[in-house]
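Here is the file run.tsv (TSV, C-alpha atoms and all ligand atoms).
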```tsv
chain	number	residue	atom	x	y	z
Y	14	MET	CA	3.71	10.45	-8.32
Y	15	VAL	CA	5.10	7.46	-6.46
Y	16	ASP	CA	3.54	3.99	-6.69
Y	17	ILE	CA	4.37	1.71	-3.74
Y	18	HIS	CA	2.28	-1.29	-4.82
Y	19	CYS	CA	2.19	-2.92	-8.24
Y	20	HIS	CA	2.96	-6.13	-10.09
Y	21	ILE	CA	5.18	-4.77	-12.83
Y	22	LEU	CA	8.03	-7.29	-12.57
Y	23	PRO	CA	7.73	-9.99	-15.22
Y	24	GLY	CA	6.95	-13.64	-14.59
Y	25	MET	CA	6.80	-13.40	-10.79
Y	26	ASP	CA	3.07	-13.79	-10.17
Y	27	ASP	CA	-0.24	-12.87	-11.83
Y	28	GLY	CA	1.17	-9.49	-12.86
Y	29	ALA	CA	3.23	-8.71	-15.97
Y	30	ASP	CA	3.74	-11.89	-18.00
Y	31	THR	CA	6.83	-10.86	-19.99
Y	32	MET	CA	9.55	-8.19	-19.90
Y	33	GLU	CA	7.88	-6.61	-22.91
Y	34	THR	CA	4.68	-6.10	-20.88
Y	35	SER	CA	6.73	-4.73	-17.97
Y	36	ILE	CA	8.39	-2.19	-20.25
Y	37	GLN	CA	5.03	-1.12	-21.62
Y	38	MET	CA	3.64	-0.79	-18.08
Y	39	ALA	CA	6.66	1.37	-17.20
Y	40	GLU	CA	6.06	3.56	-20.27
Y	41	MET	CA	2.41	3.88	-19.28
Y	42	ALA	CA	3.43	4.97	-15.78
Y	43	ILE	CA	5.91	7.55	-17.09
Y	44	ALA	CA	3.28	8.99	-19.44
Y	45	ASP	CA	0.87	9.23	-16.48
Y	46	GLY	CA	3.34	11.26	-14.39
Y	47	VAL	CA	4.74	8.48	-12.20
Y	48	THR	CA	8.41	8.89	-11.18
Y	49	HIS	CA	8.98	6.00	-8.72
Y	50	VAL	CA	7.56	2.47	-8.72
Y	51	VAL	CA	7.92	-0.36	-6.24
Y	52	GLY	CA	7.48	-3.79	-7.83
Y	53	THR	CA	5.71	-5.85	-5.17
Y	54	PRO	CA	5.19	-9.49	-6.22
Y	55	HIS	CA	2.82	-11.65	-4.20
Y	56	SER	CA	4.12	-13.95	-1.50
Y	57	ASN	CA	1.41	-16.50	-0.81
Y	58	SER	CA	0.53	-20.16	-1.28
Y	59	GLU	CA	0.18	-19.62	-5.02
Y	60	PHE	CA	3.34	-17.64	-5.75
Y	61	LYS	CA	6.78	-18.27	-4.35
Y	62	PHE	CA	8.71	-15.18	-3.35
Y	63	ASP	CA	12.29	-15.21	-4.66
Y	64	PRO	CA	14.16	-12.00	-3.69
Y	65	GLU	CA	17.23	-12.80	-5.83
Y	66	LEU	CA	15.18	-13.26	-8.98
Y	67	ILE	CA	13.04	-10.23	-8.13
Y	68	ARG	CA	16.13	-8.06	-7.81
Y	69	ARG	CA	17.47	-9.34	-11.13
Y	70	ARG	CA	14.21	-8.58	-12.93
Y	71	ARG	CA	14.13	-5.13	-11.37
Y	72	ASP	CA	17.70	-4.46	-12.58
Y	73	GLU	CA	16.82	-5.63	-16.11
Y	74	LEU	CA	13.71	-3.46	-16.21
Y	75	GLN	CA	15.59	-0.50	-14.77
Y	76	ALA	CA	18.25	-0.87	-17.47
Y	77	ALA	CA	15.53	-1.00	-20.14
Y	78	VAL	CA	13.69	2.16	-19.03
Y	79	GLY	CA	16.70	4.19	-17.84
Y	80	ASP	CA	16.47	6.97	-15.28
Y	81	ARG	CA	13.02	8.23	-16.32
Y	82	LEU	CA	11.51	5.89	-13.73
Y	83	LYS	CA	13.10	4.80	-10.46
Y	84	LEU	CA	12.36	1.17	-9.59
Y	85	ALA	CA	12.57	-0.55	-6.22
Y	86	THR	CA	11.33	-3.89	-4.90
Y	87	GLY	CA	8.99	-4.94	-2.12
Y	88	CYS	CA	6.33	-7.56	-1.52
Y	89	ASP	CA	2.56	-7.87	-1.54
Y	90	PHE	CA	2.89	-9.68	1.79
Y	91	HIS	CA	0.10	-12.07	2.62
Y	92	LEU	CA	-0.36	-12.46	6.38
Y	93	ASN	CA	-0.01	-16.21	6.73
Y	94	PHE	CA	1.95	-18.37	9.13
Y	95	GLU	CA	4.84	-19.27	6.80
Y	96	ASN	CA	5.35	-15.68	5.69
Y	97	LEU	CA	5.35	-14.42	9.27
Y	98	GLN	CA	7.89	-17.05	10.33
Y	99	ASP	CA	10.25	-16.03	7.57
Y	100	LEU	CA	9.65	-12.32	8.14
Y	101	GLN	CA	11.00	-12.62	11.67
Y	102	HIS	CA	14.34	-13.81	10.31
Y	103	ASN	CA	14.47	-11.68	7.15
Y	104	PRO	CA	12.27	-8.61	7.55
Y	105	HIS	CA	13.95	-6.60	4.80
Y	106	LYS	CA	13.46	-9.38	2.30
Y	107	TYR	CA	9.85	-8.17	2.09
Y	108	THR	CA	9.81	-4.47	2.93
Y	109	ILE	CA	9.46	-1.57	0.47
Y	110	ASN	CA	12.91	-0.77	-0.94
Y	111	GLN	CA	14.35	-2.86	1.92
Y	112	LYS	CA	13.51	-0.10	4.42
Y	113	ASN	CA	10.87	-0.40	7.18
Y	114	TYR	CA	7.43	-0.19	5.52
Y	115	LEU	CA	5.65	-3.48	4.80
Y	116	LEU	CA	2.57	-3.97	2.61
Y	117	VAL	CA	0.18	-6.32	4.40
Y	118	GLU	CA	-2.60	-8.15	2.59
Y	119	PHE	CA	-5.48	-9.90	4.36
Y	120	ALA	CA	-7.48	-12.90	3.19
Y	121	ASP	CA	-10.98	-12.09	1.92
Y	122	PHE	CA	-12.77	-14.78	3.88
Y	123	SER	CA	-11.32	-14.65	7.41
Y	124	ILE	CA	-9.16	-12.47	9.62
Y	125	PRO	CA	-8.46	-14.49	12.78
Y	126	PRO	CA	-8.35	-12.74	16.19
Y	127	SER	CA	-4.61	-13.50	16.44
Y	128	ILE	CA	-4.03	-10.92	13.70
Y	129	ASP	CA	-4.47	-8.14	16.27
Y	130	GLY	CA	-1.39	-9.44	18.10
Y	131	THR	CA	0.45	-9.93	14.80
Y	132	MET	CA	-0.05	-6.32	13.78
Y	133	HIS	CA	1.41	-5.22	17.10
Y	134	GLN	CA	4.28	-7.67	16.72
Y	135	LEU	CA	5.23	-6.17	13.35
Y	136	GLN	CA	5.63	-2.80	14.99
Y	137	LEU	CA	7.73	-4.23	17.81
Y	138	MET	CA	10.02	-5.52	15.05
Y	139	GLY	CA	10.44	-1.93	13.89
Y	140	LEU	CA	8.22	-2.38	10.83
Y	141	SER	CA	5.42	-0.06	9.74
Y	142	PRO	CA	2.57	-2.17	8.35
Y	143	ILE	CA	0.57	-0.72	5.47
Y	144	ILE	CA	-2.85	-2.38	5.12
Y	145	THR	CA	-3.41	-2.84	1.40
Y	146	HIS	CA	-6.78	-1.99	-0.14
Y	147	PRO	CA	-9.08	-2.62	2.88
Y	148	GLU	CA	-11.88	-1.10	0.79
Y	149	ARG	CA	-11.77	-4.24	-1.38
Y	150	ASN	CA	-12.00	-6.58	1.62
Y	151	ALA	CA	-15.59	-7.41	2.64
Y	152	MET	CA	-14.53	-8.38	6.17
Y	153	LEU	CA	-12.86	-5.04	6.82
Y	154	ARG	CA	-15.73	-3.18	5.19
Y	155	THR	CA	-18.28	-4.79	7.51
Y	156	LYS	CA	-16.14	-4.65	10.66
Y	157	PRO	CA	-13.94	-1.60	10.24
Y	158	ASP	CA	-13.37	-1.13	13.98
Y	159	ARG	CA	-10.58	-3.68	13.94
Y	160	MET	CA	-8.81	-1.71	11.25
Y	161	TYR	CA	-9.40	1.53	13.15
Y	162	ARG	CA	-7.68	-0.05	16.16
Y	163	TRP	CA	-4.66	-1.05	14.05
Y	164	LEU	CA	-4.56	2.49	12.69
Y	165	HIS	CA	-4.65	3.87	16.21
Y	166	GLN	CA	-1.69	1.62	17.03
Y	167	GLY	CA	0.29	3.06	14.12
Y	168	ALA	CA	-0.56	1.00	11.05
Y	169	TYR	CA	-1.28	2.76	7.74
Y	170	VAL	CA	-3.83	2.34	4.95
Y	171	GLN	CA	-3.29	2.14	1.20
Y	172	VAL	CA	-6.30	2.21	-1.10
Y	173	THR	CA	-6.23	1.15	-4.74
Y	174	ALA	CA	-6.39	3.95	-7.29
Y	175	GLN	CA	-9.05	2.15	-9.32
Y	176	SER	CA	-11.31	1.79	-6.25
Y	177	LEU	CA	-11.67	5.57	-6.34
Y	178	THR	CA	-12.69	5.48	-9.99
Y	179	GLY	CA	-15.24	2.68	-9.51
Y	180	ARG	CA	-13.41	-0.30	-11.05
Y	181	PHE	CA	-13.96	-2.48	-7.95
Y	182	GLY	CA	-17.65	-1.72	-7.51
Y	183	SER	CA	-19.71	0.65	-5.43
Y	184	ALA	CA	-18.96	-0.85	-2.00
Y	185	ALA	CA	-15.20	-0.50	-2.51
Y	186	GLN	CA	-15.62	2.98	-3.93
Y	187	HIS	CA	-17.91	4.06	-1.09
Y	188	ASN	CA	-15.50	2.83	1.59
Y	189	ALA	CA	-12.48	4.35	-0.12
Y	190	GLU	CA	-14.27	7.70	-0.22
Y	191	LYS	CA	-15.53	7.41	3.35
Y	192	TRP	CA	-12.09	6.59	4.78
Y	193	LEU	CA	-10.54	9.28	2.63
Y	194	ASP	CA	-12.96	11.81	4.10
Y	195	GLU	CA	-12.19	10.54	7.63
Y	196	ASP	CA	-8.41	10.98	7.20
Y	197	ARG	CA	-7.82	7.24	7.46
Y	198	VAL	CA	-5.98	6.87	4.13
Y	199	HIS	CA	-2.21	7.37	3.90
Y	200	PHE	CA	-1.41	6.09	0.40
Y	201	VAL	CA	-3.04	5.52	-2.96
Y	202	ALA	CA	-1.30	2.95	-5.17
Y	203	SER	CA	-2.08	1.34	-8.52
Y	204	ASP	CA	-1.82	-2.37	-7.62
Y	205	ALA	CA	-1.35	-2.66	-11.40
Y	206	HIS	CA	-1.22	-6.15	-12.90
Y	207	ASN	CA	-1.29	-5.54	-16.65
Y	208	LEU	CA	-1.83	-3.01	-19.43
Y	209	LYS	CA	-5.60	-3.04	-19.79
Y	210	SER	CA	-7.84	-4.01	-16.86
Y	211	ARG	CA	-5.33	-3.15	-14.09
Y	212	PRO	CA	-3.07	-0.47	-15.60
Y	213	LEU	CA	-0.18	1.37	-13.96
Y	214	GLN	CA	-1.89	4.74	-13.77
Y	215	LEU	CA	-2.59	7.07	-10.86
Y	216	ARG	CA	-3.61	10.38	-12.45
Y	217	ALA	CA	-7.37	9.75	-12.63
Y	218	ALA	CA	-7.48	8.79	-8.94
Y	219	TYR	CA	-5.28	11.79	-8.07
Y	220	ASP	CA	-7.87	14.03	-9.68
Y	221	VAL	CA	-10.66	12.35	-7.68
Y	222	VAL	CA	-8.78	12.99	-4.41
Y	223	ALA	CA	-7.84	16.56	-5.36
Y	224	GLU	CA	-11.46	17.30	-6.21
Y	225	ARG	CA	-12.74	15.73	-3.00
Y	226	ARG	CA	-10.09	16.76	-0.45
Y	227	GLY	CA	-7.94	19.39	-2.18
Y	228	GLU	CA	-4.49	19.45	-3.78
Y	229	GLU	CA	-2.52	19.21	-0.52
Y	230	ILE	CA	-4.08	15.90	0.52
Y	231	ALA	CA	-3.73	14.53	-3.02
Y	232	GLN	CA	-0.05	15.53	-3.00
Y	233	ALA	CA	0.37	13.78	0.37
Y	234	LEU	CA	-1.28	10.52	-0.68
Y	235	PHE	CA	0.27	10.22	-4.15
Y	236	VAL	CA	3.66	11.88	-3.69
Y	237	ASP	CA	4.90	12.86	-0.22
Y	238	ASN	CA	3.84	9.83	1.81
Y	239	PRO	CA	4.73	7.17	-0.79
Y	240	LEU	CA	8.09	8.84	-1.42
Y	241	ALA	CA	8.77	8.81	2.34
Y	242	ALA	CA	7.93	5.09	2.45
Y	243	PHE	CA	10.14	4.50	-0.61
Y	244	GLU	CA	13.03	6.23	1.15
Y	245	GLY	CA	12.29	4.83	4.63
Y	246	ARG	CA	11.44	8.15	6.29
Y	247	PRO	CA	8.57	9.04	8.68
Y	248	LEU	CA	5.38	9.99	6.83
Y	249	PRO	CA	4.92	13.75	6.39
Y	250	TYR	CA	1.12	13.37	6.40
Y	251	GLU	CA	0.00	11.35	9.38
Y	252	PRO	CA	-3.31	12.50	10.86
Y	253	GLU	CA	-4.00	11.33	14.39
Y	254	GLN	CA	-6.12	8.19	14.51
Y	255	ALA	CA	-8.72	7.96	17.25
Y	256	ASP	CA	-8.99	4.86	19.40
Y	257	PRO	CA	-12.39	3.37	18.39
Y	258	ASN	CA	-12.93	2.41	22.04
Y	259	ALA	CA	-12.25	5.90	23.33
Y	260	LYS	CA	-14.33	9.08	23.45
Y	261	PRO	CA	-15.45	10.65	20.15
Y	262	MET	CA	-12.82	12.26	17.94
Y	263	LYS	CA	-14.32	15.76	18.14
Y	264	TYR	CA	-13.06	16.06	21.73
Y	265	ARG	CA	-9.51	15.11	20.78
Y	266	LYS	CA	-6.82	17.43	19.62
Y	267	ARG	CA	-5.64	16.59	16.10
Y	268	LYS	CA	-2.06	16.60	14.99
Y	269	ARG	CA	-0.96	19.31	12.59
Y	270	PHE	CA	-0.19	18.13	9.09
Y	271	ILE	CA	3.29	18.82	7.84
Y	272	PHE	CA	3.93	19.18	4.13
Y	273	PHE	CA	7.21	19.47	2.29
L	1	FE	FE	-1.23	-6.41	-5.12
```
Here is the file; what I need is its structure written in the form of structure tokens.
Amino acid sequence: MVDIHCHILPGMDDGADTMETSIQMAEMAIADGVTHVVGTPHSNSEFKFDPELIRRRRDELQAAVGDRLKLATGCDFHLNFENLQDLQHNPHKYTINQKNYLLVEFADFSIPPSIDGTMHQLQLMGLSPIITHPERNAMLRTKPDRMYRWLHQGAYVQVTAQSLTGRFGSAAQHNAEKWLDEDRVHFVASDAHNLKSRPLQLRAAYDVVAERRGEEIAQALFVDNPLAAFEGRPLPYEPEQADPNAKPMKYRKRKRFIFF
């Protein structure tokens, strides 16, 4: 499995505190069946994003774990004004493995109307925004139509593995399941922060998805799609997303899924 969102790199944010913790998180991931991990430190008002240091920590961790786990860097990119300004000049400073997919995190308390234009702008820049864990965001849970519009315009959705196993409460779990059933989810990632409460494990959530939607969809969300994002390729599993303002989905022809 391939994890595109986690806080495994040491001393960068509220994730792993030391290299020792990072190594243990990596061992935990390997034991769980994870082969690729993208370390995605926060970039927000609380945590400064330093790509040089991030790369160095990745290299140190990679050297410590060897080739049993492939490590890349990215960013848990908070959609604020300063970040967006810098992104325009240095898009690959923030993207997954310096390719074209960008994790995008929204504030819990407000998502201003201008964000609709921002999401479009990201795509005009050649980036593919991945909305991180909308099931954990009360604003997106209560007004999902905005997210559906972004999806229709080509954005993607990543849910947190632990939302599917109930760690973030029933509302998050319910929405993760609902969107999973509606083909609105493209990735599941750990968003791991530590060894205990937010571990770097995906297997339990994989089993939930396989049970609910079958092996092929589980393979797409945990392996094929995240590996494509890791390598900067188009997603192999990309169901058509209806325009929430248009006629009901049952009248629309759906794209065929392609699996490797
Ligand atoms: Fe995160």
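You will find atom CA of Y:Phe243 at 28.2 Å from atom CA of Y:Asp158.
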Nearby residues, ligand FE 1 (chain L), 9 Å, all atoms listed in the file, as a list in words: His18, Cys19, His20, Gly28, Thr53, Pro54, His55, Cys88, Asp89, Phe90, Leu116, Glu118, Thr145, His146, Ser203, Asp204, Ala205 and His206 of chain Y
Two-atom distance - atom CA of Y:Leu215, atom CA of Y:Leu22 (Å):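 Between these atoms lies a distance of 17.9 Å.
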Pick from Y:Asp16, Y:Glu228, Y:Asp256, Y:Glu33, whichever lies nearest to Y:Ile109 using all atoms listed in the file: Y:Asp16
Within-12 Å shell of (14.2, -11.6, 0.4) in input frame, only C-alpha atoms, as a list in words: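 With a cut-off of 12 Å, the residues come to Thr53, Pro54, Ser56, Lys61, Phe62, Asp63, Pro64, Glu65, Leu66, Ile67, Arg68, Thr86, Gly87, Cys88, Phe90, Asn96, Asp99, Leu100, Gln101, His102, Asn103, Pro104, His105, Lys106, Tyr107, Thr108, Ile109, Asn110 and Gln111 of chain Y.
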Within 6 Å of Y:Leu234 using all atoms listed in the file, minus same-chain residues under 4 positions, as a PyMOL selection string: chain Y and resi 199-201+238
Local residues around (11.2, -5.8, -11.6), at most 8 Å away, using all atoms listed in the file, as a PyMOL selection string: chain Y and resi 21-23+35+52+67-75+84-86
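Neighbours of Y:His133 closer than or equal to 12 Å, with only C-alpha atoms counted and sequence neighbours fewer than 3 positions away skipped, come out as Ser127, Ile128, Asp129, Gly130, Gln136, Leu137, Met138, Gly139, Leu140, Ser141, Pro142, Arg162, Trp163, Leu164, His165, Gln166, Gly167 and Ala168 of chain Y.
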If we count all atoms listed in the file and set the cut-off at 10 Å, which residues sit around Y:Asp220, ignoring sequence neighbours fewer than 5 positions away in its own chain? Please answer as a tab-separated table (two decimals) with C-alpha atoms, in the frame of the given file.
```
chain	number	residue	atom	x	y	z
Y	177	LEU	CA	-11.67	5.57	-6.34
Y	178	THR	CA	-12.69	5.48	-9.99
Y	215	LEU	CA	-2.59	7.07	-10.86
Y	225	ARG	CA	-12.74	15.73	-3.00
Y	226	ARG	CA	-10.09	16.76	-0.45
Y	227	GLY	CA	-7.94	19.39	-2.18
Y	228	GLU	CA	-4.49	19.45	-3.78
Y	231	ALA	CA	-3.73	14.53	-3.02
```
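With atom CA of Y:Ser123 on one side and atom CA of Y:Met152 on the other, the separation reads 7.2 Å.
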Within 12 Å of Y:Pro157 using all atoms listed in the file, minus same-chain residues under 3 positions, as an MDAnalysis selection string: chainID Y and resid 124 147:148 150:154 160:164 188 191:192 197 257
Counting all atoms listed in the file, the option among Y:Gln98, Y:Ser176, Y:Thr48, Y:Thr34 closest to Y:Phe235: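 Closest to Y:Phe235, using all atoms listed in the file: Y:Thr48.
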